[in-house]
Structures are given as structure tokens and as C-alpha cells.
>>> print(open('query.txt').read())   # compact mmCIF, C-alpha atoms
# COMPACT_ATOMS: atom_id res chain seq x y z
CA MET A 1383 4.60 17.76 -15.16
CA GLN A 1384 2.06 20.46 -14.37
CA GLN A 1385 -1.61 20.87 -15.21
CA SER A 1386 -0.58 23.13 -18.14
CA ALA A 1387 0.82 20.04 -19.89
CA TYR A 1388 -2.79 18.93 -20.50
CA LYS A 1389 -5.67 20.84 -22.05
CA SER A 1390 -8.18 19.37 -19.57
CA ASP A 1391 -8.56 16.97 -16.65
CA VAL A 1392 -10.04 14.44 -19.09
CA GLU A 1393 -6.79 14.48 -21.07
CA ALA A 1394 -4.84 14.14 -17.81
CA VAL A 1395 -6.90 11.08 -16.76
CA ASP A 1396 -6.21 9.54 -20.20
CA ALA A 1397 -2.48 10.12 -19.57
CA LEU A 1398 -2.76 8.45 -16.14
CA ALA A 1399 -4.45 5.40 -17.71
CA LYS A 1400 -1.68 5.18 -20.33
CA SER A 1401 1.01 5.53 -17.63
CA TYR A 1402 -0.61 2.65 -15.74
CA ARG A 1403 -0.64 0.41 -18.85
CA ASP A 1404 3.00 1.25 -19.58
CA LEU A 1405 3.98 0.60 -15.95
CA SER A 1406 2.21 -2.77 -15.93
CA SER A 1407 3.87 -3.98 -19.11
CA GLU A 1408 7.31 -2.77 -17.98
CA ILE A 1409 6.98 -4.44 -14.55
CA GLY A 1410 5.70 -7.57 -16.35
CA LYS A 1411 9.17 -7.98 -17.96
CA VAL A 1412 10.51 -8.95 -14.52
CA ILE A 1413 7.50 -9.92 -12.40
CA ILE A 1414 5.65 -12.90 -13.87
CA GLY A 1415 1.98 -13.15 -12.90
CA GLN A 1416 0.88 -11.16 -9.83
CA GLU A 1417 -1.06 -8.71 -12.07
CA GLU A 1418 -3.61 -8.00 -9.33
CA VAL A 1419 -0.86 -7.32 -6.79
CA VAL A 1420 0.92 -4.93 -9.18
CA ARG A 1421 -2.36 -3.14 -9.91
CA ALA A 1422 -3.16 -2.75 -6.18
CA VAL A 1423 0.34 -1.39 -5.42
CA ILE A 1424 0.13 1.17 -8.25
CA ILE A 1425 -3.38 2.25 -7.16
CA SER A 1426 -2.19 2.84 -3.59
CA LEU A 1427 0.86 4.77 -4.87
CA PHE A 1428 -1.23 7.02 -7.14
CA SER A 1429 -3.70 7.50 -4.25
CA ASN A 1430 -0.88 8.57 -1.90
CA GLY A 1431 -1.43 5.61 0.42
CA HIS A 1432 0.83 2.91 1.90
CA SER A 1433 0.45 -0.85 1.45
CA LEU A 1434 1.02 -3.98 3.49
CA LEU A 1435 2.06 -7.06 1.47
CA VAL A 1436 1.22 -10.35 3.19
CA GLY A 1437 2.76 -13.53 1.84
CA VAL A 1438 5.07 -16.44 2.61
CA PRO A 1439 8.81 -16.07 1.86
CA GLY A 1440 10.04 -16.50 -1.71
CA LEU A 1441 7.14 -14.84 -3.53
CA ALA A 1442 9.37 -12.04 -4.92
CA LYS A 1443 8.02 -9.29 -2.65
CA THR A 1444 11.39 -7.49 -2.54
CA LEU A 1445 11.91 -7.93 -6.29
CA LEU A 1446 8.43 -6.54 -6.95
CA VAL A 1447 9.08 -3.41 -4.88
CA SER A 1448 12.57 -2.75 -6.31
CA THR A 1449 11.21 -3.26 -9.86
CA ILE A 1450 8.42 -0.75 -9.23
CA ALA A 1451 10.98 1.73 -7.87
CA ASP A 1452 13.12 1.24 -11.01
CA VAL A 1453 10.32 1.87 -13.51
CA LEU A 1454 9.11 4.86 -11.48
CA ASP A 1455 12.55 6.49 -11.43
CA LEU A 1456 12.36 6.81 -7.63
CA GLU A 1457 14.90 6.32 -4.87
CA PHE A 1458 14.39 2.99 -3.12
CA LYS A 1459 15.61 1.78 0.28
CA ARG A 1460 15.02 -1.56 1.97
CA ILE A 1461 14.93 -1.91 5.76
CA GLN A 1462 15.16 -5.42 7.18
CA PHE A 1463 13.21 -5.29 10.44
CA THR A 1464 14.77 -7.30 13.27
CA PRO A 1465 14.10 -7.55 17.04
CA ASP A 1466 17.14 -5.37 17.85
CA LEU A 1467 16.35 -2.53 15.39
CA MET A 1468 16.08 0.85 17.13
CA PRO A 1469 13.95 3.83 15.98
CA SER A 1470 17.12 5.84 15.22
CA ASP A 1471 18.28 3.05 12.88
CA ILE A 1472 15.43 3.94 10.51
CA THR A 1473 14.83 7.65 11.15
CA GLY A 1474 18.47 8.70 11.48
CA SER A 1475 20.23 10.39 14.38
CA GLU A 1476 22.28 13.41 15.33
CA ILE A 1477 26.05 12.97 15.20
CA LEU A 1478 28.89 15.23 16.24
CA ASP A 1479 30.87 16.36 13.19
CA GLU A 1480 34.56 17.31 13.07
CA ASP A 1481 33.71 20.94 13.98
CA ARG A 1482 31.97 19.66 17.12
CA HIS A 1483 28.55 20.67 15.80
CA PHE A 1484 25.56 18.34 15.83
CA LYS A 1485 24.54 17.25 12.35
CA PHE A 1486 21.50 15.17 11.42
CA ASN A 1487 22.45 11.93 9.68
CA HIS A 1488 19.51 10.79 7.52
CA GLY A 1489 18.26 7.23 8.04
CA PRO A 1490 16.90 4.89 5.34
CA LEU A 1491 13.38 6.35 5.77
CA PHE A 1492 14.56 9.33 3.70
CA SER A 1493 13.69 7.76 0.38
CA ASN A 1494 10.75 7.78 -2.05
CA ILE A 1495 9.90 4.11 -1.73
CA VAL A 1496 10.71 2.28 1.50
CA LEU A 1497 10.39 -1.48 1.74
CA ALA A 1498 9.80 -2.33 5.41
CA ASP A 1499 10.64 -6.02 5.29
CA GLU A 1500 8.95 -8.19 7.94
CA ILE A 1501 7.57 -5.26 9.90
CA ASN A 1502 6.16 -7.61 12.56
CA ARG A 1503 9.68 -8.76 13.54
CA THR A 1504 10.57 -5.48 15.27
CA PRO A 1505 9.41 -4.17 18.67
CA PRO A 1506 6.50 -1.67 18.94
CA LYS A 1507 8.84 1.29 19.60
CA THR A 1508 10.47 0.92 16.15
CA GLN A 1509 7.15 0.10 14.46
CA ALA A 1510 5.75 3.32 15.94
CA ALA A 1511 8.62 5.38 14.48
CA LEU A 1512 7.84 4.04 11.00
CA LEU A 1513 4.10 4.52 11.41
CA GLU A 1514 4.56 8.12 12.59
CA ALA A 1515 6.61 8.81 9.45
CA MET A 1516 3.87 7.22 7.32
CA GLN A 1517 1.18 9.40 8.87
CA GLU A 1518 3.03 12.71 9.22
CA ARG A 1519 5.37 12.36 6.20
CA SER A 1520 8.11 13.61 8.55
CA VAL A 1521 10.32 12.43 11.42
CA THR A 1522 11.16 14.28 14.63
CA VAL A 1523 14.65 13.83 16.07
CA SER A 1524 15.83 15.80 19.14
CA GLY A 1525 12.77 18.03 18.85
CA VAL A 1526 13.51 19.00 15.23
CA ARG A 1527 11.07 18.02 12.48
CA HIS A 1528 12.60 16.72 9.25
CA LEU A 1529 10.34 16.45 6.18
CA LEU A 1530 10.52 13.25 4.14
CA PRO A 1531 10.96 13.42 0.35
CA LYS A 1532 7.90 13.50 -1.91
CA PRO A 1533 6.45 11.18 -3.02
CA PHE A 1534 6.87 8.99 0.06
CA PHE A 1535 5.49 5.48 -0.10
CA VAL A 1536 5.92 2.62 2.39
CA LEU A 1537 5.47 -0.99 1.34
CA ALA A 1538 5.64 -3.22 4.40
CA THR A 1539 5.79 -7.01 4.23
CA GLN A 1540 4.54 -9.51 6.74
CA ASN A 1541 4.99 -13.28 6.83
CA PRO A 1542 1.64 -14.84 7.83
CA ILE A 1543 3.02 -18.19 9.01
CA GLU A 1544 5.97 -17.66 11.35
CA GLN A 1545 4.39 -15.91 14.31
CA GLU A 1546 6.96 -16.92 16.94
CA GLY A 1547 9.08 -14.00 18.11
CA THR A 1548 6.95 -11.46 16.26
CA TYR A 1549 5.17 -8.30 17.35
CA PRO A 1550 1.85 -8.17 15.47
CA LEU A 1551 0.78 -4.67 14.46
CA PRO A 1552 -2.11 -3.33 16.57
CA GLU A 1553 -5.34 -2.51 14.72
CA ALA A 1554 -4.80 1.27 15.13
CA GLN A 1555 -1.44 0.95 13.37
CA LEU A 1556 -2.75 -1.38 10.65
CA ASP A 1557 -5.28 1.37 9.90
CA ARG A 1558 -2.42 3.56 8.57
CA PHE A 1559 -2.08 1.22 5.59
CA MET A 1560 -4.42 2.01 2.72
CA PHE A 1561 -4.29 -1.54 1.34
CA ASN A 1562 -3.62 -5.01 2.70
CA ILE A 1563 -2.47 -7.00 -0.36
CA PRO A 1564 -2.18 -10.80 -0.09
CA LEU A 1565 0.40 -12.56 -2.28
CA ASP A 1566 -0.34 -16.11 -3.30
CA TYR A 1567 1.76 -18.86 -4.87
CA PRO A 1568 2.16 -18.58 -8.66
CA SER A 1569 0.23 -20.98 -10.89
CA TYR A 1570 2.09 -24.00 -12.32
CA ASP A 1571 2.61 -22.30 -15.71
CA GLU A 1572 3.73 -19.03 -14.07
CA GLU A 1573 6.20 -20.91 -11.87
CA ILE A 1574 7.72 -22.58 -14.95
CA GLN A 1575 8.23 -19.10 -16.48
CA VAL A 1576 9.70 -17.80 -13.19
CA VAL A 1577 12.18 -20.68 -12.92
CA LYS A 1578 13.18 -20.35 -16.60
CA ALA A 1579 13.81 -16.63 -16.18
CA THR A 1580 15.68 -16.85 -12.87
CA THR A 1581 17.94 -19.80 -13.70
CA SER A 1582 19.29 -18.37 -16.95
CA ASN A 1583 21.58 -15.41 -17.56
CA SER A 1584 18.89 -13.29 -19.21
CA LYS A 1585 18.80 -9.67 -18.03
CA TYR A 1586 16.11 -7.08 -18.63
CA GLU A 1587 16.67 -3.40 -19.21
CA LEU A 1588 13.91 -1.51 -17.45
CA ASN A 1589 12.80 1.89 -18.72
CA ASN A 1590 11.73 4.73 -16.44
CA ILE A 1591 8.04 5.23 -17.15
CA VAL A 1592 6.87 7.83 -14.63
CA THR A 1593 8.82 10.54 -12.80
CA ALA A 1594 8.36 11.69 -9.19
CA GLU A 1595 6.83 14.94 -10.48
CA GLN A 1596 4.24 13.03 -12.54
CA ILE A 1597 3.32 10.86 -9.53
CA LEU A 1598 2.69 13.97 -7.41
CA PHE A 1599 0.56 15.39 -10.25
CA TYR A 1600 -1.44 12.14 -10.53
CA GLN A 1601 -1.99 12.07 -6.74
CA GLN A 1602 -3.61 15.52 -6.98
CA LEU A 1603 -5.54 14.52 -10.11
CA ILE A 1604 -7.11 11.49 -8.36
CA ARG A 1605 -8.57 13.81 -5.70
CA LYS A 1606 -10.09 16.06 -8.41
CA ILE A 1607 -11.98 13.17 -10.06
CA PRO A 1608 -15.73 13.67 -9.42
CA ILE A 1609 -17.76 10.96 -7.72
CA ALA A 1610 -21.55 10.59 -7.83
CA ASP A 1611 -23.41 10.87 -4.51
CA ASN A 1612 -24.82 7.34 -4.77
CA VAL A 1613 -21.32 5.86 -5.24
CA LEU A 1614 -19.91 7.88 -2.32
CA GLU A 1615 -22.85 6.77 -0.16
CA TYR A 1616 -22.27 3.15 -1.22
CA ALA A 1617 -18.58 3.38 -0.17
CA VAL A 1618 -19.40 4.90 3.22
CA GLY A 1619 -22.25 2.40 3.66
CA LEU A 1620 -19.85 -0.47 2.99
CA ALA A 1621 -17.52 0.71 5.78
CA THR A 1622 -20.36 1.34 8.25
CA LYS A 1623 -21.84 -2.12 7.59
CA THR A 1624 -18.69 -3.69 9.08
CA ARG A 1625 -19.39 -2.19 12.52
CA PRO A 1626 -21.22 -4.73 14.71
CA ASN A 1627 -24.36 -3.76 16.61
CA THR A 1628 -24.93 -0.60 14.58
CA ALA A 1629 -27.96 0.28 12.43
CA LYS A 1630 -26.46 -0.91 9.09
CA ALA A 1631 -24.64 -4.03 10.40
CA THR A 1632 -25.60 -7.31 8.72
CA ASP A 1633 -26.28 -10.56 10.60
CA SER A 1634 -22.89 -12.01 9.58
CA VAL A 1635 -21.14 -8.87 10.90
CA ASN A 1636 -22.98 -9.08 14.22
CA ASN A 1637 -22.20 -12.81 14.47
CA TYR A 1638 -18.57 -12.88 13.36
CA ILE A 1639 -16.94 -9.46 13.87
CA SER A 1640 -15.86 -7.96 17.17
CA TRP A 1641 -14.60 -4.66 15.68
CA GLY A 1642 -15.31 -2.92 12.38
CA ALA A 1643 -13.63 -0.43 10.04
CA GLY A 1644 -13.27 3.25 10.98
CA PRO A 1645 -13.85 6.40 8.88
CA ARG A 1646 -10.39 6.10 7.26
CA ALA A 1647 -11.75 3.03 5.44
CA SER A 1648 -14.49 5.17 3.83
CA GLN A 1649 -11.89 7.70 2.66
CA TYR A 1650 -9.66 5.01 1.15
CA LEU A 1651 -12.62 3.26 -0.50
CA VAL A 1652 -13.45 6.52 -2.30
CA LEU A 1653 -9.83 7.36 -3.26
CA GLY A 1654 -9.13 3.77 -4.34
CA ALA A 1655 -12.33 3.66 -6.43
CA LYS A 1656 -11.41 6.97 -8.13
CA CYS A 1657 -7.97 5.63 -9.03
CA HIS A 1658 -9.34 2.24 -10.14
CA ALA A 1659 -11.75 4.06 -12.46
CA ALA A 1660 -8.98 6.31 -13.83
CA ILE A 1661 -6.55 3.51 -14.68
CA ASN A 1662 -9.38 1.79 -16.54
CA GLY A 1663 -10.08 4.88 -18.63
CA LYS A 1664 -13.20 6.07 -16.77
CA TYR A 1665 -13.67 9.67 -15.66
CA SER A 1666 -15.80 8.92 -12.61
CA PRO A 1667 -15.99 5.78 -10.42
CA ASP A 1668 -19.06 3.58 -10.13
CA ILE A 1669 -20.07 0.98 -7.56
CA GLU A 1670 -18.05 -1.75 -9.36
CA ASP A 1671 -14.88 0.31 -8.79
CA VAL A 1672 -15.60 0.46 -5.05
CA GLN A 1673 -16.17 -3.30 -4.95
CA ALA A 1674 -12.96 -3.95 -6.93
CA ILE A 1675 -10.77 -2.47 -4.17
CA ALA A 1676 -12.99 -3.10 -1.12
CA LYS A 1677 -11.19 -6.25 0.08
CA TYR A 1678 -7.80 -4.51 0.04
CA VAL A 1679 -9.18 -1.65 2.15
CA LEU A 1680 -11.35 -3.61 4.59
CA ARG A 1681 -9.44 -6.86 5.10
CA HIS A 1682 -7.12 -5.52 7.83
CA ARG A 1683 -9.67 -3.19 9.38
CA ILE A 1684 -12.14 -5.79 10.63
CA VAL A 1685 -11.42 -8.03 13.59
CA ARG A 1686 -13.00 -11.48 13.56
CA ASN A 1687 -14.25 -12.97 16.81
CA PHE A 1688 -13.61 -16.46 18.13
CA LYS A 1689 -16.79 -17.82 16.53
CA ALA A 1690 -15.61 -16.76 13.05
CA GLU A 1691 -12.22 -18.40 13.58
CA ALA A 1692 -13.81 -21.59 14.94
CA GLU A 1693 -16.17 -21.83 11.95
CA GLY A 1694 -13.46 -20.95 9.41
CA ILE A 1695 -15.16 -17.73 8.29
CA SER A 1696 -12.54 -15.47 6.68
CA GLU A 1697 -12.51 -11.67 6.37
CA GLU A 1698 -13.07 -12.13 2.60
CA ASN A 1699 -16.24 -14.18 3.22
CA ILE A 1700 -17.64 -11.44 5.44
CA ILE A 1701 -16.71 -8.60 3.02
CA GLU A 1702 -18.26 -10.43 0.04
CA GLY A 1703 -21.49 -10.74 2.04
CA LEU A 1704 -21.67 -6.92 2.26
CA PHE A 1705 -21.81 -6.29 -1.53
>>> encode(input="query.txt", output="C-alpha cells")
Amino acid sequence: MQQSAYKSDVEAVDALAKSYRDLSSEIGKVIIGQEEVVRAVIISLFSNGHSLLVGVPGLAKTLLVSTIADVLDLEFKRIQFTPDLMPSDITGSEILDEDRHFKFNHGPLFSNIVLADEINRTPPKTQAALLEAMQERSVTVSGVRHLLPKPFFVLATQNPIEQEGTYPLPEAQLDRFMFNIPLDYPSYDEEIQVVKATTSNSKYELNNIVTAEQILFYQQLIRKIPIADNVLEYAVGLATKTRPNTAKATDSVNNYISWGAGPRASQYLVLGAKCHAAINGKYSPDIEDVQAIAKYVLRHRIVRNFKAEAEGISEENIIEGLF
């Protein structure tokens, strides 16, 4: 779908908002509850960013990702990260064919949506291969660069409780993720619906709502959305406030944070706010749109110090104090 399909950018933003509503209702046939999680994942996809899903096992993370891939009419691959996984297992490798020529065998990274399950279970060498692909949208094997398909979207999952035998992602690598999205337990009523749906033989036919071409169009459209100077300054100010011992840092930041968010946070706050405004039918973001996505952007980019951990001060508490 090209720009010519719409008379104006306003009409295109209206189409994006409708696509979002259709996506949400279609995903809601399978995924019960988790509306905020679904919204955050769609925002990061339309903003051309990757997401990290953090939640205990059994919260339907894999089902959520495969459902999103289904309704988006995109190719989906799941990679189960394990301690013995090698970089070539995910990027692919060169093999000798029957004519004794080297041929590149594509790995599971060559897909539109990649679910990197339990990314903290694999050694840094394999994590780095994935993170390079996320950043460069390509992989290099034997000195040859291979472009990944477009759109390319990584959803990584991390289990926050079992930390034995894991390789936590360093801050510089966490920074590659646009959003850090926590998944919580369903409410009592939602769990009843989940159990009813999953212990019967009911099946849902999912419709394709958005094509790959439309997603690429929407990703460009998000960048064209205008943003007022005061909103842009608020977003950048929010990121700079998280940096301890700088001019804008608050007392709680100086007391409880050892490291703050970098400039990539400011970029994602602006892109996320633009997309949040668009899916809600607005043609330009305001400060409320920045605040709506701020926790997803900043949560994994600030590092609490020992004092914060000892006093039970969470990243969310600190971010809320910046609004």
C-alpha cells in the first residue's frame, strides 16, 4: 500500500488507527486480557522497534507472538535459546552443495517476526549475533552481508525468576530494545475465561488484518507525524532527568540510580509517542502520549543502585517521579 492509496497523511493516520483497532479485536479472540501488552507490542512494531517481554512461564508469551504474526500475515519463527546454541544456529551457515560450491543456508533469523525465547539462557556470543541482526537488519557470514526480510521484528522473552545458569543482557545490549514490556498474571475473571477457552475444543479462525507492505508504509508514516517543540523537549528532558549528577537530575535519581538512559531513549520516546497518538486517532502527540509509553522505554535503561534495591524502590517508582 503506497501513499497514493490515501488522499492525505491525515487519511493515512485514520487508516492506521483503524488497523490498530482491527488488530486488537482480532488478537482478542485468542489472547484474553493483556490489552496493554498487545498495545505496546503493536506500537513497537509500527515504530520499527524491537521488544523484550518479561514474565514468568505460562503467561502465553509464545501464543501472543504467534497470534500477532498470524493476524499480520507475516512469517514467524521461534528460536528457543539454550546454553549450547551457537551464532550459526540462528544466523545460518555456509554449506557445501552437491556441485561442491558453498551455499548460504538461511537460519531462523530470516523471518519477519522472530520470537527469541528466553534470550538470557544463551551465552553472550549468541546473544551478540542476534543483537547485531536487530541493529543492522542484516547478518554477516564468512564476510558476506545478507539482508534480513522487511519488516523485521524481534520479540525476546526473559524469565525474571530463574536466574541460575543465565547470562543477563548487558545494559548496552538491552538498549537495542525499544520497549521492555512486563507481563503479569491474569485477573481471576480473565483466568476463568482462559481456562474455559483452552480446555475445550473451540478453535478460532484468525483473519489477516495488515500486510507486510502496509506495516512498512505505517513505519514511514509514523516518522512523518509532526511533533510540537514543547512535546519533543519534554521527551528529551525525561530521558536526561534519569542521568544522575547532571543538571536536570532529580533528587531520587541522584539517590537511587547509578546509570541513566542514553540518547536512544529520547528517540524512542518521540517515536513511541507519535505512534501512541496515531493509534488513538490524534494527528500529533502531546505530553500524555510521551508519559503513556515512558515506562516501556525507560524501565530497562536505568540501573538502580544498592540503596534503591535495599529500600525496595523500583524503576517504575523512579520514572513516575519524573513526570
>>> atom_distance(input="query.txt", atom1="CA of Ser1470 in chain A", atom2="CA of Leu1556 in chain A")
21.6 Å
>>> closest_residue(input="query.txt", among="A:Gln1517, A:Gln1602, A:Asn1430, A:Gln1596", to="Ala1554 in chain A", atoms="all atoms listed in the file")
A:Gln1517
>>> closest_residue(input="query.txt", among="A:Gln1462, A:Ser1524, A:Thr1622, A:Gln1540", to="Leu1441 in chain A", atoms="all atoms listed in the file")
A:Gln1540
>>> closest_residue(input="query.txt", among="A:Pro1506, A:Val1523, A:Gly1440, A:Leu1405", to="Val1423 in chain A", atoms="only C-alpha atoms")
A:Leu1405
>>> atom_distance(input="query.txt", atom1="CA of Ala1399 in chain A", atom2="CA of Val1436 in chain A")
26.8 Å
>>> residues_near_point(input="query.txt", point="(3.2, -4.9, 2.1)", cutoff="6 Å", atoms="only C-alpha atoms", output="list of chain:residue names")
A:Ser1433, A:Leu1434, A:Leu1435, A:Val1436, A:Leu1537, A:Ala1538, A:Thr1539
>>> atom_distance(input="query.txt", atom1="CA of Gln1673 in chain A", atom2="CA of Ala1655 in chain A")
8.1 Å
>>> residues_around(input="query.txt", residues="Asp1571 in chain A", least_positions_apart="4", cutoff="10 Å", atoms="only C-alpha atoms", output="tab-separated table (two decimals) with C-alpha atoms, in the coordinates of the input")
chain	number	residue	atom	x	y	z
A	1415	GLY	CA	1.98	-13.15	-12.90
A	1575	GLN	CA	8.23	-19.10	-16.48
A	1576	VAL	CA	9.70	-17.80	-13.19
>>> closest_residue(input="query.txt", among="A:Leu1497, A:Leu1491, A:Thr1473, A:Thr1580", to="Thr1522 in chain A", atoms="all atoms listed in the file")
A:Thr1473
>>> residues_around(input="query.txt", residues="Ala1631 in chain A", least_positions_apart="3", cutoff="12 Å", atoms="only C-alpha atoms", output="PyMOL selection string")
chain A and resi 1619-1628+1634-1643+1700-1701+1703-1704
>>> residues_near_point(input="query.txt", point="(13.9, 8.8, -1.0)", cutoff="6 Å", atoms="all atoms listed in the file", output="list in words")
Glu1457, Phe1492, Ser1493, Asn1494 and Pro1531 of chain A
>>> residues_around(input="query.txt", residues="Gly1437 in chain A", least_positions_apart="2", cutoff="7 Å", atoms="only C-alpha atoms", output="PyMOL selection string")
chain A and resi 1435+1439+1540-1542+1564-1566
>>> write_last_selection(input="query.txt", atoms="C-alpha atoms", output="tab-separated table (two decimals), in the coordinates of the input")
chain	number	residue	atom	x	y	z
A	1435	LEU	CA	2.06	-7.06	1.47
A	1439	PRO	CA	8.81	-16.07	1.86
A	1540	GLN	CA	4.54	-9.51	6.74
A	1541	ASN	CA	4.99	-13.28	6.83
A	1542	PRO	CA	1.64	-14.84	7.83
A	1564	PRO	CA	-2.18	-10.80	-0.09
A	1565	LEU	CA	0.40	-12.56	-2.28
A	1566	ASP	CA	-0.34	-16.11	-3.30
>>> residues_around(input="query.txt", residues="Val1592 in chain A", least_positions_apart="4", cutoff="9 Å", atoms="all atoms listed in the file", output="ChimeraX atom specification")
/A:1401,1405,1453-1456,1596-1597
>>> residues_around(input="query.txt", residues="Tyr1402 in chain A", least_positions_apart="6", cutoff="9 Å", atoms="all atoms listed in the file", output="PyMOL selection string")
chain A and resi 1421+1424+1661-1662
>>> write_last_selection(input="query.txt", atoms="C-alpha atoms", output="PDB file, keeping the file's coordinate frame")
ATOM      1  CA  ARG A1421      -2.360  -3.140  -9.910  1.00  0.00           C
ATOM      2  CA  ILE A1424       0.130   1.170  -8.250  1.00  0.00           C
ATOM      3  CA  ILE A1661      -6.550   3.510 -14.680  1.00  0.00           C
ATOM      4  CA  ASN A1662      -9.380   1.790 -16.540  1.00  0.00           C
TER       5      ASN A1662
END
>>> closest_residue(input="query.txt", among="A:Ala1617, A:Glu1418, A:Gly1474, A:Glu1595", to="Gly1489 in chain A", atoms="all atoms listed in the file")
A:Gly1474
>>> axis_aligned_box(input="query.txt", around="range 1566-1569 of chain A", padding_each_side="8 Å", output="JSON")
{"center_x": 0.9, "center_y": -18.5, "center_z": -7.1, "size_x": 18.5, "size_y": 20.9, "size_z": 23.6}
>>> closest_residue(input="query.txt", among="A:Tyr1665, A:Phe1599, A:Tyr1549, A:Phe1705", to="Asp1396 in chain A", atoms="only C-alpha atoms")
A:Tyr1665
>>> build_atoms(input="query.txt", residues="range 1471-1490 of chain A", atoms="N, CA and C atoms", output="compact mmCIF listing (two decimals), in the coordinates of the input")
# COMPACT_ATOMS: atom_id res chain seq x y z
N ASP A 1471 17.71 3.80 14.01
CA ASP A 1471 18.28 3.05 12.88
C ASP A 1471 17.50 3.32 11.60
N ILE A 1472 16.23 3.69 11.73
CA ILE A 1472 15.43 3.94 10.51
C ILE A 1472 15.21 5.42 10.27
N THR A 1473 15.09 6.22 11.35
CA THR A 1473 14.83 7.65 11.15
C THR A 1473 16.11 8.44 10.91
N GLY A 1474 17.23 7.95 11.50
CA GLY A 1474 18.47 8.70 11.48
C GLY A 1474 18.72 9.29 12.86
N SER A 1475 19.88 9.85 13.05
CA SER A 1475 20.23 10.39 14.38
C SER A 1475 21.19 11.57 14.23
N GLU A 1476 21.36 12.28 15.33
CA GLU A 1476 22.28 13.41 15.33
C GLU A 1476 23.68 12.92 15.69
N ILE A 1477 24.66 13.35 14.91
CA ILE A 1477 26.05 12.97 15.20
C ILE A 1477 26.89 14.24 15.34
N LEU A 1478 27.98 14.10 16.04
CA LEU A 1478 28.89 15.23 16.24
C LEU A 1478 29.90 15.24 15.10
N ASP A 1479 29.93 16.32 14.31
CA ASP A 1479 30.87 16.36 13.19
C ASP A 1479 32.25 16.84 13.65
N GLU A 1480 33.17 16.97 12.70
CA GLU A 1480 34.56 17.31 13.07
C GLU A 1480 34.69 18.71 13.68
N ASP A 1481 33.68 19.59 13.39
CA ASP A 1481 33.71 20.94 13.98
C ASP A 1481 32.99 20.98 15.33
N ARG A 1482 32.67 19.79 15.85
CA ARG A 1482 31.97 19.66 17.12
C ARG A 1482 30.59 20.34 17.09
N HIS A 1483 29.94 20.24 15.93
CA HIS A 1483 28.55 20.67 15.80
C HIS A 1483 27.70 19.43 15.56
N PHE A 1484 26.46 19.47 16.09
CA PHE A 1484 25.56 18.34 15.83
C PHE A 1484 25.00 18.44 14.41
N LYS A 1485 25.04 17.30 13.73
CA LYS A 1485 24.54 17.25 12.35
C LYS A 1485 23.58 16.06 12.25
N PHE A 1486 22.47 16.26 11.56
CA PHE A 1486 21.50 15.17 11.42
C PHE A 1486 21.92 14.23 10.30
N ASN A 1487 22.06 12.97 10.65
CA ASN A 1487 22.45 11.93 9.68
C ASN A 1487 21.18 11.20 9.24
N HIS A 1488 20.78 11.37 8.00
CA HIS A 1488 19.51 10.79 7.52
C HIS A 1488 19.53 9.26 7.57
N GLY A 1489 18.42 8.68 8.04
CA GLY A 1489 18.26 7.23 8.04
C GLY A 1489 17.63 6.76 6.74
N PRO A 1490 17.45 5.44 6.59
CA PRO A 1490 16.90 4.89 5.34
C PRO A 1490 15.46 5.30 5.04
